[in-house]
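Everything on this sheet refers to the single structure shown next.
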Amino acid sequence: MRVVSLVPSLTEAVAATVPGALVGATDWCAHPADLDVARVRGTKNPDLERIVALAPDLVIANEEENRAPDLAALRSAGVEVLVTEVREVPQALSELARVLEACGARHRPRWLAEAEEAWSALPAPEARTTAVVPIWRRPWMVLGRDTFAGDVLARLGVDHLYATHAERYPRVPVDDLRDAAPDVVVLPDEPYRFTADDGPEAFPGVPCALVSGRHLTWYGPSLAEAPRVLGEALRAARR
């Protein structure tokens with residue numbers, strides 16, 4: 001089986017489960033750190049000619065991260081493409097199982113079982129917290145409706161205030177974000193790399209949780225530890 005992955009989290013999942021299956025991945029596929037495969041540019045601008053030249057049995061993609069015209073072009077070139085859709089945690093777990101089976105996994109990996117257990121064993125939150133969750137600045141963009149990261153946070157007791165917005169990733173002026181009066185601002189380190197010196201200063205007087213974007217937005221082996229890692233970051237911000 002020869003697989004090209006156009007989704008960083010799926011790259012990590014396949015590499016951890018079916019060693020040797022991956023022959024290509026995007027420039028943004030940073031896990032595992034020692035992954036030695038051909039690089040095919042980014043998720044939004046993949047090098048289609050190079051992908052076809054790699055003669056993959058399968059390209060794995062995602063309906064949000066990858067562009068439909070690129071996937072259609074690969075299919076027209078005779079390449080099989082598996083497209084995932086992930087908007088909530090249970091869907092992520094089932095889609096991961098589907099991808100891994102398609103990539104030749106003979107057994108359900110231990111990390112996937114651990115992820116299922118971690119999320120099914122979550123205790124009910126003692127209290128719910130409101131949040132805004134920027135994912136970019138210049139311009140400011142936040143989580144809106146129907147997002148995987150929003151579902152992750154909701155399961156941890158965090159209700160982000162733009163969950164019913166018409167757009168999935170709306171642009172919202174920072175003054176409006178402050179006026180929304182969240183209990184906490186959740187600042188991931190990707191896609192925009194918010195840090196202690198870049199982000200919290202825009203929300204004076206509001207607790208800010210700096211969180212791992214890999215644990216908030218990726219669906220792969222990181223799901224097994226995401227409840228603990230994110231929970232610790234959220235609790236630390238509210239102390």
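Quick note on naming: the chains in the structure tokens go A, B, ... in the order shown, residues restart at 1 in each chain, and ligands are numbered from 1 in order of appearance.
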
Legend entry - strand (DSSP E) per DSSP on the backbone: members of segment 127-175 of chain A, as a ChimeraX atom specification: /A:129-132,134-136,141-142,158-160

Legend entry - Backbone-only DSSP, alpha helix (DSSP H) members of segment 16-233 of chain A, as number ranges by chain: A: 16-17, 48-53, 68-76, 89-102, 110-120, 148-155, 174-179, 213-217, 226-233

Inset, instruction - Quick one: everything within 12 Å of Gly78 of chain A, counting only C-alpha atoms, minus sequence neighbours fewer than 6 positions away in the same chain. Send it as a list in words. - result: Leu48, Ile51, Val52, Ala53, Ala55, Pro56, Asp57, Leu58, Val59, Leu71 and Ala72 of chain A

Legend entry - For Leu96 of chain A: contacts at 12 Å, only C-alpha atoms, fewer than 4 positions along chain excluded, given as a PyMOL selection string: chain A and resi 7+9-14+17+60-62+82-86+89-92+100-103+105+108-109+111-113+115-116+218-221+223

Legend entry - Option closest in space to Ala180 of chain A, from A:Val81, A:Val132, A:Ala124, A:Ala33 [counting only C-alpha atoms]: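 Closest residue, counting only C-alpha atoms: A:Val132.
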
Need the shell around Lys44 of chain A: protein/DNA/RNA residues with any atom at most 9 Å away, counting only C-alpha atoms. Skip same-chain ones fewer than 3 positions apart. Format as a PDB file with all heavy atoms, in the first residue's frame?
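Okay, result39.pdb is ready:
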ATOM      1  N   LEU A   6      -2.753  14.264   2.737  1.00  0.00           N
ATOM      2  CA  LEU A   6      -2.845  15.718   2.602  1.00  0.00           C
ATOM      3  C   LEU A   6      -3.394  16.365   3.864  1.00  0.00           C
ATOM      4  O   LEU A   6      -3.816  17.520   3.839  1.00  0.00           O
ATOM      5  CB  LEU A   6      -3.741  16.068   1.407  1.00  0.00           C
ATOM      6  CG  LEU A   6      -3.284  15.535   0.051  1.00  0.00           C
ATOM      7  CD1 LEU A   6      -4.248  15.978  -1.047  1.00  0.00           C
ATOM      8  CD2 LEU A   6      -1.863  15.984  -0.268  1.00  0.00           C
ATOM      9  N   ARG A  41       4.106  19.935  -0.959  1.00  0.00           N
ATOM     10  CA  ARG A  41       3.632  21.303  -0.666  1.00  0.00           C
ATOM     11  C   ARG A  41       2.537  21.281   0.400  1.00  0.00           C
ATOM     12  O   ARG A  41       2.551  20.448   1.303  1.00  0.00           O
ATOM     13  CB  ARG A  41       3.194  22.042  -1.933  1.00  0.00           C
ATOM     14  CG  ARG A  41       4.331  22.370  -2.876  1.00  0.00           C
ATOM     15  CD  ARG A  41       4.014  23.537  -3.796  1.00  0.00           C
ATOM     16  NE  ARG A  41       2.811  23.387  -4.565  1.00  0.00           N
ATOM     17  CZ  ARG A  41       2.782  23.261  -5.892  1.00  0.00           C
ATOM     18  NH1 ARG A  41       3.908  23.263  -6.583  1.00  0.00           N
ATOM     19  NH2 ARG A  41       1.632  23.164  -6.523  1.00  0.00           N
ATOM     20  N   GLU A  65      -9.920  20.792   4.998  1.00  0.00           N
ATOM     21  CA  GLU A  65      -8.524  21.196   4.837  1.00  0.00           C
ATOM     22  C   GLU A  65      -8.076  21.239   3.379  1.00  0.00           C
ATOM     23  O   GLU A  65      -7.137  21.967   3.034  1.00  0.00           O
ATOM     24  CB  GLU A  65      -7.613  20.251   5.629  1.00  0.00           C
ATOM     25  CG  GLU A  65      -7.767  20.369   7.135  1.00  0.00           C
ATOM     26  CD  GLU A  65      -6.551  19.878   7.884  1.00  0.00           C
ATOM     27  OE1 GLU A  65      -5.425  20.238   7.478  1.00  0.00           O
ATOM     28  OE2 GLU A  65      -6.718  19.135   8.859  1.00  0.00           O
ATOM     29  N   ASN A  66      -8.711  20.455   2.535  1.00  0.00           N
ATOM     30  CA  ASN A  66      -8.255  20.353   1.151  1.00  0.00           C
ATOM     31  C   ASN A  66      -9.304  20.881   0.183  1.00  0.00           C
ATOM     32  O   ASN A  66     -10.500  20.836   0.475  1.00  0.00           O
ATOM     33  CB  ASN A  66      -7.913  18.900   0.818  1.00  0.00           C
ATOM     34  CG  ASN A  66      -6.935  18.294   1.820  1.00  0.00           C
ATOM     35  OD1 ASN A  66      -7.266  17.335   2.504  1.00  0.00           O
ATOM     36  ND2 ASN A  66      -5.757  18.876   1.939  1.00  0.00           N
ATOM     37  N   ARG A  67      -8.866  21.378  -0.952  1.00  0.00           N
ATOM     38  CA  ARG A  67      -9.745  21.994  -1.940  1.00  0.00           C
ATOM     39  C   ARG A  67     -10.353  20.942  -2.870  1.00  0.00           C
ATOM     40  O   ARG A  67      -9.640  20.080  -3.394  1.00  0.00           O
ATOM     41  CB  ARG A  67      -8.974  23.033  -2.744  1.00  0.00           C
ATOM     42  CG  ARG A  67      -8.415  24.183  -1.922  1.00  0.00           C
ATOM     43  CD  ARG A  67      -7.492  25.067  -2.739  1.00  0.00           C
ATOM     44  NE  ARG A  67      -8.187  25.682  -3.867  1.00  0.00           N
ATOM     45  CZ  ARG A  67      -7.972  25.370  -5.134  1.00  0.00           C
ATOM     46  NH1 ARG A  67      -7.091  24.443  -5.471  1.00  0.00           N
ATOM     47  NH2 ARG A  67      -8.647  25.978  -6.099  1.00  0.00           N
ATOM     48  N   ASP A  70      -8.699  20.336  -6.330  1.00  0.00           N
ATOM     49  CA  ASP A  70      -7.466  19.547  -6.296  1.00  0.00           C
ATOM     50  C   ASP A  70      -7.781  18.055  -6.215  1.00  0.00           C
ATOM     51  O   ASP A  70      -7.156  17.224  -6.886  1.00  0.00           O
ATOM     52  CB  ASP A  70      -6.600  19.953  -5.107  1.00  0.00           C
ATOM     53  CG  ASP A  70      -6.043  21.354  -5.232  1.00  0.00           C
ATOM     54  OD1 ASP A  70      -5.790  21.791  -6.370  1.00  0.00           O
ATOM     55  OD2 ASP A  70      -5.881  22.021  -4.193  1.00  0.00           O
TER      56      ASP A  70
END

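If you count only C-alpha atoms and ignore residues fewer than 4 places along the chain from segment 183-189 of chain A, what sits within 8 Å of it is Thr129, Thr130, Ala131, Val132, Val133, Pro134, Ile135, Arg193, Phe194, Thr195, Gly199, Phe203, Val206, Pro207, Cys208, Ala209, Leu210, Val211, Ser212, Gly213, Leu216, Leu234, Ala237 and Arg238 of chain A.
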
Legend entry - Interatomic distance, atom CA of Glu167 of chain A to atom CA of Pro191 of chain A (Å, one decimal): 17.7 Å

Legend entry - Interatomic distance (Å, one decimal) between atom CA of Asp151 of chain A and atom CA of Tyr192 of chain A: 19.7 Å

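Distances from A:Leu74, A:His160, A:Gly104, A:Pro69 to Pro19 of chain A were compared using only C-alpha atoms, and the smallest one belongs to A:Gly104.
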